[in-house]
Each structure stands twice: as C-alpha cells, then as structure tokens.
file model_14.txt (compact mmCIF, C-alpha atoms and all ligand atoms)
# COMPACT_ATOMS: atom_id res chain seq x y z
CA MET A 1 11.17 16.13 10.27
CA ILE A 2 14.87 16.83 10.75
CA LYS A 3 17.39 14.43 9.35
CA SER A 4 20.94 14.29 10.56
CA PHE A 5 23.87 15.44 8.55
CA VAL A 6 25.49 12.54 6.66
CA GLU A 7 28.85 12.23 4.93
CA GLY A 8 29.71 15.87 4.60
CA ARG A 9 26.60 16.70 2.59
CA ARG A 10 23.63 18.37 4.09
CA GLU A 11 20.44 16.38 4.20
CA TRP A 12 18.95 18.40 6.96
CA VAL A 13 16.36 20.25 5.01
CA GLU A 14 12.73 20.15 5.92
CA SER A 15 12.00 20.77 9.53
CA GLU A 16 8.42 20.34 10.36
CA GLY A 17 8.40 18.32 13.50
CA ARG A 18 8.21 18.14 17.23
CA ALA A 19 11.19 19.01 19.34
CA VAL A 20 12.18 18.75 22.97
CA LEU A 21 14.72 21.08 24.60
CA CYS A 22 17.22 19.77 27.09
CA MET A 23 19.87 21.37 29.28
CA LEU A 24 22.40 20.26 31.83
CA LYS A 25 22.68 23.14 34.28
CA THR A 26 26.14 22.90 35.81
CA ASN A 27 25.87 25.94 38.06
CA VAL A 28 23.74 24.72 40.95
CA HIS A 29 23.34 28.28 42.27
CA ASP A 30 21.94 29.61 39.01
CA HIS A 31 18.21 30.14 39.37
CA VAL A 32 17.72 32.80 36.71
CA VAL A 33 20.36 32.95 33.97
CA TYR A 34 19.68 29.46 32.65
CA LYS A 35 16.12 30.58 31.91
CA ILE A 36 17.45 33.31 29.62
CA ARG A 37 19.65 30.75 27.88
CA MET A 38 16.73 28.38 27.43
CA ALA A 39 14.58 31.21 26.06
CA GLU A 40 17.31 31.95 23.50
CA LEU A 41 17.44 28.30 22.47
CA ARG A 42 13.66 28.19 22.21
CA ARG A 43 13.72 31.18 19.90
CA LEU A 44 16.38 29.62 17.66
CA VAL A 45 14.57 26.29 17.44
CA GLU A 46 11.24 27.95 16.68
CA THR A 47 12.92 29.88 13.86
CA LEU A 48 13.46 26.54 12.15
CA GLY A 49 9.74 25.92 12.15
CA LEU A 50 9.81 23.21 14.82
CA GLU A 51 7.13 22.84 17.45
CA ILE A 52 8.54 22.62 20.98
CA VAL A 53 6.56 20.11 23.00
CA GLY A 54 8.69 19.71 26.12
CA GLU A 55 11.65 20.92 28.15
CA PHE A 56 14.01 18.95 30.39
CA ILE A 57 16.57 20.48 32.72
CA GLN A 58 18.94 18.56 34.95
CA THR A 59 21.11 20.26 37.55
CA ARG A 60 24.48 18.70 38.29
CA SER A 61 27.88 20.29 38.68
CA GLN A 62 29.65 17.60 36.63
CA PRO A 63 28.38 16.22 33.30
CA TYR A 64 28.11 12.45 32.83
CA SER A 65 30.43 11.22 30.11
CA LYS A 66 28.08 8.79 28.40
CA PHE A 67 24.98 10.94 27.76
CA LEU A 68 26.02 14.31 29.28
CA ILE A 69 22.91 13.96 31.47
CA GLY A 70 22.25 11.06 33.85
CA SER A 71 20.80 7.79 32.60
CA GLY A 72 17.66 8.26 34.75
CA LYS A 73 16.97 11.53 32.95
CA VAL A 74 17.62 9.87 29.61
CA ALA A 75 15.04 7.20 30.45
CA GLU A 76 12.52 9.92 31.38
CA ILE A 77 13.13 11.73 28.07
CA LYS A 78 12.86 8.43 26.19
CA ARG A 79 9.39 7.80 27.60
CA PHE A 80 8.36 11.33 26.68
CA VAL A 81 9.79 11.05 23.16
CA LYS A 82 7.79 7.90 22.58
CA ALA A 83 4.55 9.17 24.09
CA LYS A 84 4.60 12.53 22.29
CA HIS A 85 6.09 11.35 18.97
CA VAL A 86 9.08 13.64 19.26
CA ASP A 87 11.34 13.92 16.19
CA LEU A 88 14.26 15.82 17.62
CA VAL A 89 15.93 16.45 20.97
CA VAL A 90 17.88 19.71 21.11
CA PHE A 91 20.56 20.18 23.76
CA TYR A 92 21.64 23.60 24.94
CA ASN A 93 25.02 22.14 25.91
CA ILE A 94 27.54 21.20 23.25
CA LEU A 95 27.67 17.41 22.88
CA THR A 96 30.73 15.32 22.15
CA SER A 97 30.49 12.94 19.19
CA SER A 98 30.12 9.91 21.43
CA GLN A 99 27.45 11.57 23.59
CA LYS A 100 25.47 12.43 20.46
CA LEU A 101 25.75 8.88 19.17
CA ASN A 102 24.83 7.33 22.52
CA LEU A 103 21.82 9.63 22.86
CA ILE A 104 20.56 8.92 19.33
CA ARG A 105 20.82 5.19 19.93
CA GLU A 106 19.16 5.35 23.31
CA LEU A 107 16.37 7.82 22.53
CA GLY A 108 15.57 6.47 19.09
CA CYS A 109 15.28 9.93 17.55
CA ASP A 110 17.65 12.55 16.23
CA VAL A 111 19.69 14.60 18.70
CA VAL A 112 21.45 17.91 17.98
CA ASP A 113 23.07 20.62 20.09
CA ARG A 114 22.86 24.40 20.11
CA TYR A 115 25.86 24.67 17.81
CA GLU A 116 24.22 22.55 15.10
CA ILE A 117 20.98 24.51 15.41
CA THR A 118 22.87 27.78 14.93
CA LEU A 119 24.69 26.38 11.90
CA GLU A 120 21.41 25.21 10.41
CA ILE A 121 19.93 28.71 10.71
CA PHE A 122 23.07 30.23 9.20
CA ASP A 123 22.80 27.78 6.36
CA ARG A 124 19.25 28.76 5.56
CA MET A 125 20.07 32.45 5.63
CA ALA A 126 23.35 32.23 3.68
CA SER A 127 23.24 33.45 0.13
CA ASP A 128 26.87 34.24 -0.66
CA ASN A 129 29.72 31.89 -1.44
CA LEU A 130 31.96 32.75 1.45
CA SER A 131 29.22 32.28 4.07
CA LYS A 132 28.25 28.94 2.56
CA LEU A 133 31.86 27.75 2.58
CA GLN A 134 32.43 28.88 6.15
CA ILE A 135 29.27 27.09 7.25
CA GLU A 136 30.26 23.90 5.49
CA ALA A 137 33.72 24.04 7.05
CA ALA A 138 32.21 24.51 10.51
CA ARG A 139 29.76 21.69 9.95
CA LEU A 140 32.44 19.28 8.76
CA GLU A 141 34.67 20.15 11.67
CA LYS A 142 31.87 19.48 14.15
CA LEU A 143 30.36 16.43 12.52
CA ALA A 144 33.25 14.60 10.87
CA PRO A 145 34.41 13.08 14.19
CA TYR A 146 30.83 12.02 14.88
CA PHE A 147 30.47 10.44 11.48
CA LYS A 148 33.82 8.66 11.84
CA LEU A 149 32.75 7.28 15.18
CA GLU A 150 29.39 6.16 13.87
CA VAL A 151 30.82 4.41 10.84
CA SER A 152 33.70 2.83 12.73
CA LEU A 153 31.32 1.33 15.31
CA LYS A 154 29.02 0.13 12.58
CA PHE A 155 31.79 -1.61 10.67
CA ARG A 156 33.41 -2.92 13.79
CA ASN A 157 30.18 -4.75 14.58
CA GLU A 158 29.16 -5.79 11.11
CA HIS A 159 32.47 -6.51 9.41
CA PRO A 160 34.88 -7.95 11.90
CA PHE A 161 37.38 -9.21 9.31
CA PHE A 162 40.41 -7.24 8.39
CA ARG A 163 40.02 -5.44 5.06
CA SER A 164 36.42 -6.49 4.62
CA MET A 165 34.48 -4.48 2.03
CA GLY A 166 32.89 -2.58 4.91
CA GLU A 167 36.25 -1.45 6.16
CA TYR A 168 37.29 -0.45 2.68
CA ALA A 169 34.15 1.65 2.22
CA TYR A 170 34.74 3.23 5.63
CA HIS A 171 38.26 4.31 4.71
CA SER A 172 37.23 5.66 1.36
CA ARG A 173 34.46 7.73 2.98
CA LEU A 174 36.89 9.13 5.51
CA ARG A 175 39.28 10.07 2.74
CA GLU A 176 36.41 11.79 0.94
CA ILE A 177 35.62 13.89 4.02
CA THR A 178 39.27 14.82 4.55
CA ARG A 179 39.62 15.79 0.88
CA ARG A 180 36.47 17.91 1.05
CA GLN A 181 37.78 19.67 4.17
CA ALA A 182 41.11 20.44 2.49
CA LYS A 183 39.36 21.77 -0.61
CA ILE A 184 37.12 24.07 1.42
CA ARG A 185 40.08 25.35 3.43
CA GLU A 186 41.89 26.17 0.21
CA ARG A 187 38.93 28.11 -1.22
CA ILE A 188 38.41 29.96 2.05
CA GLU A 189 42.10 30.92 2.09
CA ALA A 190 41.80 32.37 -1.41
CA LEU A 191 38.69 34.36 -0.47
CA LYS A 192 40.42 35.47 2.71
CA ARG A 193 43.31 36.97 0.77
CA GLU A 194 40.85 38.76 -1.50
CA LYS A 195 38.93 40.08 1.51
CA GLN A 196 42.12 41.31 3.21
CA ARG A 197 43.07 43.11 0.03
CA ARG A 198 39.69 44.87 -0.01
CA ILE A 199 39.93 45.78 3.67
CA TYR A 200 43.32 47.44 3.10
CA LYS A 201 41.98 49.23 0.03
CA ARG A 202 39.03 50.54 2.04
CA LYS A 203 41.38 51.63 4.83
CA SER A 204 43.61 53.42 2.35
CA LEU A 205 40.69 55.65 1.31
CA GLY A 206 41.24 57.32 4.68
CA TYR A 207 37.60 57.46 5.81
CA PRO A 208 37.00 56.56 9.44
CA ILE A 209 35.40 53.10 9.53
CA ILE A 210 32.50 52.51 11.89
CA CYS A 211 31.41 48.92 12.33
CA ILE A 212 27.92 48.09 13.63
CA SER A 213 28.08 44.93 15.73
CA GLY A 214 25.75 43.27 18.22
CA PHE A 215 23.49 40.31 18.84
CA TYR A 216 21.22 39.10 16.07
CA ASN A 217 18.00 41.03 15.69
CA ALA A 218 19.36 44.06 17.60
CA GLY A 219 18.59 46.25 14.59
CA LYS A 220 22.09 46.53 13.08
CA THR A 221 20.88 46.57 9.48
CA SER A 222 18.03 48.93 10.38
CA LEU A 223 20.58 51.36 11.86
CA PHE A 224 22.93 50.89 8.90
CA ASN A 225 20.07 51.69 6.51
CA ALA A 226 18.95 54.69 8.59
CA LEU A 227 22.47 56.14 8.71
CA THR A 228 23.47 55.55 5.09
CA GLY A 229 20.19 55.63 3.15
CA GLU A 230 20.66 51.99 2.10
CA ASP A 231 17.82 49.51 1.82
CA LYS A 232 19.37 46.21 2.94
CA PRO A 233 17.04 43.41 4.12
CA VAL A 234 15.74 43.68 7.68
CA SER A 235 13.69 41.02 9.48
CA PRO A 236 12.89 39.56 12.89
CA LYS A 237 14.50 36.26 11.80
CA PRO A 238 17.89 35.61 13.41
CA PHE A 239 20.98 36.09 11.22
CA THR A 240 19.29 37.99 8.41
CA THR A 241 22.71 39.47 7.70
CA LEU A 242 25.61 37.05 7.29
CA SER A 243 28.07 38.79 4.98
CA SER A 244 29.17 42.35 5.75
CA LYS A 245 27.69 45.34 3.95
CA TYR A 246 29.52 48.65 3.41
CA GLN A 247 28.27 52.16 2.70
CA ARG A 248 29.49 55.71 3.04
CA ARG A 249 27.75 58.51 4.88
CA TYR A 250 28.59 62.07 3.87
CA LEU A 251 28.28 64.58 6.69
CA GLU A 252 27.45 68.27 6.30
CA ASP A 253 30.94 69.47 7.26
CA GLY A 254 32.46 67.55 4.35
CA LYS A 255 33.54 64.61 6.47
CA THR A 256 32.79 61.08 5.27
CA LEU A 257 32.26 58.01 7.45
CA LEU A 258 32.24 54.44 6.18
CA PHE A 259 29.69 52.22 7.95
CA ILE A 260 29.85 48.42 8.01
CA ASP A 261 26.94 46.14 8.90
CA THR A 262 28.04 42.73 10.20
CA ILE A 263 26.90 39.26 11.24
CA GLY A 264 25.04 39.07 14.57
CA PHE A 265 26.36 37.47 17.75
CA VAL A 266 24.52 34.78 19.69
CA LEU A 267 24.79 34.20 23.46
CA ASP A 268 27.36 31.59 24.51
CA LEU A 269 28.89 31.60 21.05
CA ASP A 270 30.94 28.48 20.44
CA PRO A 271 34.58 29.47 19.81
CA ARG A 272 34.61 27.19 16.75
CA LEU A 273 31.85 29.26 15.24
CA ILE A 274 33.87 32.42 15.79
CA LYS A 275 36.81 30.76 14.11
CA SER A 276 34.69 29.67 11.16
CA PHE A 277 33.39 33.18 10.70
CA GLU A 278 36.77 34.76 11.23
CA LEU A 279 36.58 36.55 7.90
CA ASN A 280 33.38 38.37 8.80
CA LEU A 281 34.97 39.38 12.08
CA GLU A 282 37.92 40.89 10.24
CA ASP A 283 35.65 43.88 9.49
CA ILE A 284 35.09 44.43 13.19
CA ARG A 285 38.78 44.14 14.03
CA CYS A 286 39.81 46.65 11.38
CA ALA A 287 37.26 49.33 12.25
CA ASP A 288 38.20 52.63 13.90
CA LEU A 289 35.10 52.46 16.09
CA VAL A 290 32.74 49.60 16.86
CA LEU A 291 29.14 50.19 17.86
CA LEU A 292 27.82 47.42 20.10
CA LEU A 293 24.06 47.42 19.56
CA LEU A 294 21.72 46.17 22.29
CA GLU A 295 17.92 46.08 22.49
CA ILE A 296 16.87 48.56 25.16
CA ASN A 297 13.58 46.72 25.71
CA ASP A 298 15.31 43.47 26.76
CA PRO A 299 14.96 42.58 30.48
CA LEU A 300 17.80 44.11 32.53
CA LEU A 301 19.36 40.74 33.28
CA THR A 302 19.44 39.81 29.59
CA LEU A 303 20.95 43.21 28.80
CA ARG A 304 23.59 42.68 31.44
CA MET A 305 24.52 39.27 29.97
CA LYS A 306 24.56 40.54 26.41
CA LEU A 307 26.61 43.58 27.38
CA ARG A 308 29.19 41.49 29.22
CA GLU A 309 29.41 38.88 26.51
CA GLY A 310 29.37 41.44 23.68
CA VAL A 311 32.27 43.42 25.15
CA ARG A 312 34.17 40.20 25.85
CA LEU A 313 33.68 39.00 22.27
CA LEU A 314 34.84 42.32 20.85
CA THR A 315 37.94 42.43 23.02
CA ASP A 316 38.69 38.78 22.13
CA ILE A 317 38.49 39.72 18.46
CA GLY A 318 41.06 42.43 19.16
CA VAL A 319 38.98 45.60 19.62
CA SER A 320 40.32 47.76 22.45
CA PRO A 321 37.58 49.01 24.83
CA ASP A 322 38.26 52.67 23.96
CA ARG A 323 37.00 51.95 20.44
CA ILE A 324 33.62 50.62 21.63
CA ILE A 325 30.40 52.66 21.86
CA ILE A 326 27.34 51.01 23.41
CA VAL A 327 24.19 51.84 21.44
CA PHE A 328 20.80 50.94 22.90
CA ASN A 329 18.43 50.57 19.98
CA LYS A 330 14.61 50.34 19.83
CA LEU A 331 14.19 53.33 22.16
CA ASP A 332 10.65 53.72 20.77
CA LEU A 333 9.74 50.47 22.59
CA ALA A 334 11.00 51.58 26.02
CA PRO A 335 11.33 55.40 26.01
CA GLU A 336 11.27 55.49 29.84
CA ARG A 337 14.67 53.76 29.92
CA GLY A 338 16.40 56.21 27.61
CA GLU A 339 17.89 58.41 30.34
CA SER A 340 18.98 55.85 32.87
CA ILE A 341 19.87 52.62 31.07
CA GLY A 342 23.62 53.32 30.95
CA ASP A 343 23.76 54.00 34.69
CA ASP A 344 21.53 51.00 35.46
CA LEU A 345 24.11 48.79 33.73
CA GLY A 346 27.10 50.52 35.32
CA LEU A 347 28.55 51.80 32.03
CA PRO A 348 30.22 54.92 33.52
CA LEU A 349 32.22 52.62 35.82
CA LEU A 350 33.32 50.56 32.83
CA GLY A 351 34.29 53.75 31.01
CA LEU A 352 32.11 52.88 28.03
CA PRO A 353 30.27 55.72 26.26
CA TRP A 354 26.65 55.01 25.44
CA ILE A 355 23.58 56.41 23.74
CA ALA A 356 19.97 55.33 23.21
CA VAL A 357 18.42 55.56 19.73
CA SER A 358 15.65 54.19 17.57
CA ALA A 359 16.75 53.13 14.10
CA LYS A 360 13.17 52.51 13.06
CA GLU A 361 11.75 55.84 14.25
CA ARG A 362 15.02 57.70 13.53
CA ILE A 363 15.25 58.98 17.11
CA ASN A 364 18.57 60.45 18.29
CA LEU A 365 20.55 59.52 15.16
CA ASP A 366 22.18 62.97 15.08
CA GLY A 367 23.22 62.45 18.70
CA LEU A 368 24.81 59.15 17.67
CA LEU A 369 26.73 60.80 14.83
CA GLN A 370 27.96 63.50 17.26
CA LEU A 371 29.13 60.85 19.71
CA ILE A 372 30.91 58.96 16.91
CA LEU A 373 32.76 62.10 15.79
CA GLN A 374 33.72 62.95 19.36
CA ARG A 375 35.03 59.44 20.05
CA LEU A 376 36.92 59.39 16.75
CA GLU A 377 38.76 62.53 17.80
CA GLU A 378 39.56 61.07 21.22
CA VAL A 379 40.81 57.79 19.72
CA GLU A 380 42.82 59.57 17.04
CA LYS A 381 44.44 62.12 19.36
CA PRO A 382 46.98 59.84 21.11
CA ARG A 383 47.87 58.29 17.77
CA LEU A 384 48.47 61.67 16.12
CA GLU A 385 50.50 62.84 19.13
CA ALA A 386 52.63 59.69 18.89
CA VAL A 387 53.20 60.31 15.16
CA ALA A 388 54.12 63.95 15.89
CA ALA A 389 56.53 62.86 18.65
CA VAL A 390 58.25 60.43 16.26
CA GLY A 391 58.44 63.25 13.68
CA GLU A 392 60.08 65.59 16.18
CA GLY A 393 62.45 62.88 17.38
N1 LIG A 401 10.53 48.97 17.32
C1 LIG A 401 11.72 48.94 16.70
N2 LIG A 401 12.04 47.87 15.96
C2 LIG A 401 13.25 47.87 15.35
C3 LIG A 401 14.17 48.93 15.48
N3 LIG A 401 15.28 48.62 14.79
C4 LIG A 401 15.06 47.41 14.23
N4 LIG A 401 13.83 46.95 14.56
C5 LIG A 401 13.22 45.65 14.18
O1 LIG A 401 14.02 44.60 14.70
C6 LIG A 401 14.06 43.50 13.79
C7 LIG A 401 15.50 43.17 13.44
O2 LIG A 401 16.05 44.24 12.71
P1 LIG A 401 17.34 44.05 11.80
O3 LIG A 401 17.79 45.42 11.37
O4 LIG A 401 17.13 43.04 10.73
O5 LIG A 401 18.34 43.47 12.90
P2 LIG A 401 19.84 42.92 12.70
O6 LIG A 401 20.58 43.26 13.95
O7 LIG A 401 20.41 43.42 11.43
O8 LIG A 401 19.58 41.36 12.64
P3 LIG A 401 20.50 40.19 12.01
O9 LIG A 401 20.94 40.64 10.64
O10 LIG A 401 19.58 39.04 11.95
O11 LIG A 401 21.66 40.00 12.95
C8 LIG A 401 13.24 43.93 12.56
O12 LIG A 401 11.95 43.39 12.71
C9 LIG A 401 13.23 45.46 12.66
O13 LIG A 401 12.08 46.02 12.06
C10 LIG A 401 13.78 50.05 16.28
O14 LIG A 401 14.50 51.03 16.46
N5 LIG A 401 12.55 49.98 16.88
MG MG A 402 21.07 42.40 9.80
call {"tool": "encode", "arguments": {"input": "model_14.txt", "output": "structure tokens", "more": "lines below"}}
Ligand SMILES: Nc1nc2c(ncn2[C@@H]2O[C@H](COP(=O)(O)OP(=O)(O)OP(=O)(O)O)[C@@H](O)[C@H]2O)c(=O)[nH]1
Ligand SMILES: [Mg+2]
result
Amino acid sequence: MIKSFVEGRREWVESEGRAVLCMLKTNVHDHVVYKIRMAELRRLVETLGLEIVGEFIQTRSQPYSKFLIGSGKVAEIKRFVKAKHVDLVVFYNILTSSQKLNLIRELGCDVVDRYEITLEIFDRMASDNLSKLQIEAARLEKLAPYFKLEVSLKFRNEHPFFRSMGEYAYHSRLREITRRQAKIRERIEALKREKQRRIYKRKSLGYPIICISGFYNAGKTSLFNALTGEDKPVSPKPFTTLSSKYQRRYLEDGKTLLFIDTIGFVLDLDPRLIKSFELNLEDIRCADLVLLLLEINDPLLTLRMKLREGVRLLTDIGVSPDRIIIVFNKLDLAPERGESIGDDLGLPLLGLPWIAVSAKERINLDGLLQLILQRLEEVEKPRLEAVAAVGEG
C-alpha cells in the first residue's frame, strides 16, 4: 500500500496495492491523444508494482477548483474506491495542494498525481548523491505547500487558541522543512559548480561531444554501449539511467568522439521536474550534437507526439535545431518502416536529419557514425568561417 509523503521525509515505500487512474480531459475535441497519455500513465503506475483496477475520465474544458473534477465524478469514484478496496487514486493532471487534500478527505484513500508518480520512480532508480538530492528538492517543492496546508487546517480546527502547543509544533515543523530545503539547495549548488567544472574540462579536451537523449526506454544506454563498448545497465524499466555516463569512441581515421548517455524524458514533463534535473540537462546543452532517440515501433501518433515534444524540450534547454539528429532505434522490431519513417513524420520539411538503427542488433551503426561526422562538419563550418573572418578583420 502506498503511504503519502510526510514532513519532508519519504515514507512512500512499499507499493503493493490497487490503484485507479483518473484524468480530466480539457480538450473536448481530443478523441485519441488522451488515450496515449493514459497508456503512459498506466505504464508508469504498473512499474511501481501497483494493480490498476479502474479508470475514470471526465471531459470538461475548465477544471473545477475544489477537486479538479466535478463533485458528481468524485462521488462515483468514491463508490468505486469503497467497493473495490482501492488504495490509491492516481491523477494524470497535476493537482494543486488544496485539490489533493480535498480529494484525500473526500475519497478516504491516498491521492497522487503524475508528477509524484514520476518522482517516486526516479527515487527508486536513483543511486547517486546528486540524483537523490535533486529528487528530494523536487519532492519538497511539490509537497511542502500541501503539508503546510494540511497541518494548518488541522491545527486551525483542533487548536483554536493563539500560541497553543499545536500551533507551536506547526511552526517548528515548517521551519524544519524550510531549513531542509535550504540545506539541499546549498549542496546542489556545490555539486553544480563541480559538474560545471567537469563539463568545461571535458570540452577543453577538444573532442566533439555527442549526447544521446530521448524518452525513457528508447534504448539510449543500449546505443551508448553499442557505440562505445561500455556495459552500462539496460532494462525495460523506466528511468534506468538517471545520472549521465561518458565514454570515448575512437574512430579508424584517428578521430575521437565523446558520447554521453543521459536521463530519459517523459511525455508532458512538468517544468518543475526539468528544473530539478537541470544539472543532468547541462550535458545536453553543452553537447556539439544531440541525438534524439525514438522507438521506431511506436504507433505513428505516439511517434509524432514524442518527436514534437522531444524537439521542443531540446530547444527549450537551449539546443539549436541544427544540432539535433533524429535516431529511430529498435529497427529490428519494425524493419518495414526503416525507409519511410522520416518522410511519414515530415522530417525533411522540418529540416531534421534522421536515421534508423538497431542498438541491440547493431544495425546501421556505421551509417549513424557517418551521419554524425557529416553533421559535425556542417555545424562546425559556419563557426570556423566566423573565426577566420574575425582573424582576417
Ligand atoms: N528490440 C530491441 N530492443 C532494444 C533495442 N535497444 C534497446 N532495446 C531494449 O529496450 C529496453 C530499454 O533499453 P535501455 O537502453 O535501457 O533504454 P534507455 O533509453 O537507456 O532507458 P532509460 O535509461 O530508462 O531512460 C531494454 O529492454 C533494451 O533491451 C533495439 O535496438 N532493439
Ligand atoms: Mg538508460
């Protein structure tokens, strides 16, 4: 059974239990895309070992402020929760602190949103200090307002007198949270400086840096291993890789490329999560080229969404489109798509170069290296010309 996060410490550990998924669909004309989003949520929740026993979707262009969904829907879910002994209700939408609190009180079971589910998976996969700190910071930022609200309501009801012991305890807990947040920020800052120093050092070696990015499970680590001879962990679980990995690849003509394997994206990524994992994204920003890995065997609509969102995320991070190469991985699972997938998704119109490969079966990896070298030359050329022009001037 899942327990909620309390007082800045995690108590959300075991997760055998029954869950219900819930979504407020605000686009009334959407008859397809929300299904992809729900499928993603389902996959994330199942990763935690929870059994999904029901799904509720309400369509309304404007959310309700009290519960996000309407009170009629809440009553329907409440009956279901009781009848099926549900432990947890998971919302696709991001809940405000007061919506979460109202829902927990009304439904009588725990309620979390997609953001908390993602953080929980990160937490289970995290093994290094920096990832753990970043996760804790993200969790505190999301849940501290909720906790404050919960405690303030509790003490307002139970201890109505000014400076009662309850109120004192409330203030001291709040101070504890704020102190913890400041401490984490300080440690992250120190690690950030260290990471920046290493990035500059790596840059100063002069090797072109190729960063492998993409949605979780796309096969980033498999490709990294195949290209560099490394043996980093690979698995179908989401977010197997949280902290970046680096390795050189020596080419026959004496050239050396430095490959970086990074944290995976998730659809509809919450901007706060991006901010919390800013340090991991630094590797993407500083790369000479970024490979955006997609699974060629995904349905076309999913591919279209992931492509659009992936490119948007990269450009938001600060990667210019001319530094992006789209790589369709897992070609062995859909070889018939290898020739046409780029055209099907309109990549020539977007001006994005693309290639289909299989990291697992090592198909077309030489073609990928050729494309990387060609793009590096094209990206470098204007820069070298500019340097030469300054020299002449
Ligand atoms: N059939 C096939 N499976 C692949 C290929 N590449 C990776 N996989 C499988 O896809 C799953 C995910 O692979 P990873 O390399 O861990 O993916 P990732 O992108 O690093 O995932 P995260 O680190 O979780 O973001 C594993 O089960 C791999 O065996 C491929 O080319 N073909
Ligand atoms: Mg990985």
call {"tool": "closest_residue", "arguments": {"input": "model_14.txt", "among": "A:Val319, A:Glu252, A:Leu44, A:Ala388", "to": "ligand LIG 401 (chain A)", "atoms": "only C-alpha atoms and all ligand atoms"}}
result
A:Leu44
call {"tool": "residues_around", "arguments": {"input": "model_14.txt", "residues": "Phe328 of chain A", "least_positions_apart": "6", "cutoff": "6 Å", "atoms": "all atoms listed in the file", "output": "MDAnalysis selection string"}}
result
chainID A and resid 293:296 356
call {"tool": "residues_near_ligand", "arguments": {"input": "model_14.txt", "ligand": "ligand MG 402 (chain A)", "cutoff": "12 Å", "atoms": "only C-alpha atoms and all ligand atoms", "output": "ChimeraX atom specification"}}
result
/A:125,212-225,231-245,260-265,293
call {"tool": "closest_residue", "arguments": {"input": "model_14.txt", "among": "A:Pro208, A:Pro335, A:Pro321, A:Gly351", "to": "ligand LIG 401 (chain A)", "atoms": "only C-alpha atoms and all ligand atoms"}}
result
A:Pro335
call {"tool": "atom_distance", "arguments": {"input": "model_14.txt", "atom1": "atom CA of Lys360 of chain A", "atom2": "atom CA of Thr256 of chain A"}}
result
22.8 Å
call {"tool": "residues_around", "arguments": {"input": "model_14.txt", "residues": "segment 56-68 of chain A", "least_positions_apart": "2", "cutoff": "10 Å", "atoms": "all atoms listed in the file", "output": "JSON, numbers by chain"}}
result
{"A": [20, 21, 22, 23, 24, 25, 26, 27, 28, 29, 30, 34, 38, 54, 70, 71, 73, 74, 76, 77, 89, 91, 92, 93, 94, 95, 96, 98, 99, 100, 101, 102, 103, 104, 106]}
call {"tool": "atom_distance", "arguments": {"input": "model_14.txt", "atom1": "atom CA of Cys211 of chain A", "atom2": "atom CA of Cys286 of chain A"}}
result
8.8 Å
call {"tool": "atom_distance", "arguments": {"input": "model_14.txt", "atom1": "atom N4 of ligand LIG 401 (chain A)", "atom2": "atom CA of Asn329 of chain A"}}
result
8.0 Å
call {"tool": "closest_residue", "arguments": {"input": "model_14.txt", "among": "A:Ala389, A:Leu301, A:Ala226, A:Ala287", "to": "ligand LIG 401 (chain A)", "atoms": "only C-alpha atoms and all ligand atoms"}}
result
A:Ala226
call {"tool": "closest_residue", "arguments": {"input": "model_14.txt", "among": "A:Ala138, A:Leu352, A:Ala126, A:Leu107", "to": "ligand LIG 401 (chain A)", "atoms": "only C-alpha atoms and all ligand atoms"}}
result
A:Ala126
call {"tool": "residues_around", "arguments": {"input": "model_14.txt", "residues": "Gln134 of chain A", "least_positions_apart": "3", "cutoff": "6 Å", "atoms": "all atoms listed in the file", "output": "VMD selection string"}}
result
chain A and resid 131 137 276
call {"tool": "axis_aligned_box", "arguments": {"input": "model_14.txt", "around": "segment 44-61 of chain A", "padding_each_side": "8 Å", "output": "JSON"}}
result
{"center_x": 17.2, "center_y": 24.2, "center_z": 25.4, "size_x": 37.3, "size_y": 27.3, "size_z": 42.5}
call {"tool": "residues_around", "arguments": {"input": "model_14.txt", "residues": "Ile117 of chain A", "least_positions_apart": "5", "cutoff": "12 Å", "atoms": "all atoms listed in the file", "output": "number ranges by chain"}}
result
A: 2, 4-5, 12, 15, 19, 21, 40-50, 88-94, 111-112, 122-124, 135, 139, 238, 266, 270, 273
call {"tool": "closest_residue", "arguments": {"input": "model_14.txt", "among": "A:Leu331, A:Ala39, A:Leu371, A:Leu258", "to": "ligand LIG 401 (chain A)", "atoms": "only C-alpha atoms and all ligand atoms"}}
result
A:Leu331
call {"tool": "closest_residue", "arguments": {"input": "model_14.txt", "among": "A:Leu291, A:Ala190, A:Leu140, A:Leu333", "to": "Thr178 of chain A", "atoms": "all atoms listed in the file"}}
result
A:Leu140
call {"tool": "residues_around", "arguments": {"input": "model_14.txt", "residues": "Ser97 of chain A", "least_positions_apart": "5", "cutoff": "9 Å", "atoms": "all atoms listed in the file", "output": "PyMOL selection string"}}
result
chain A and resi 102+142-147+149-150
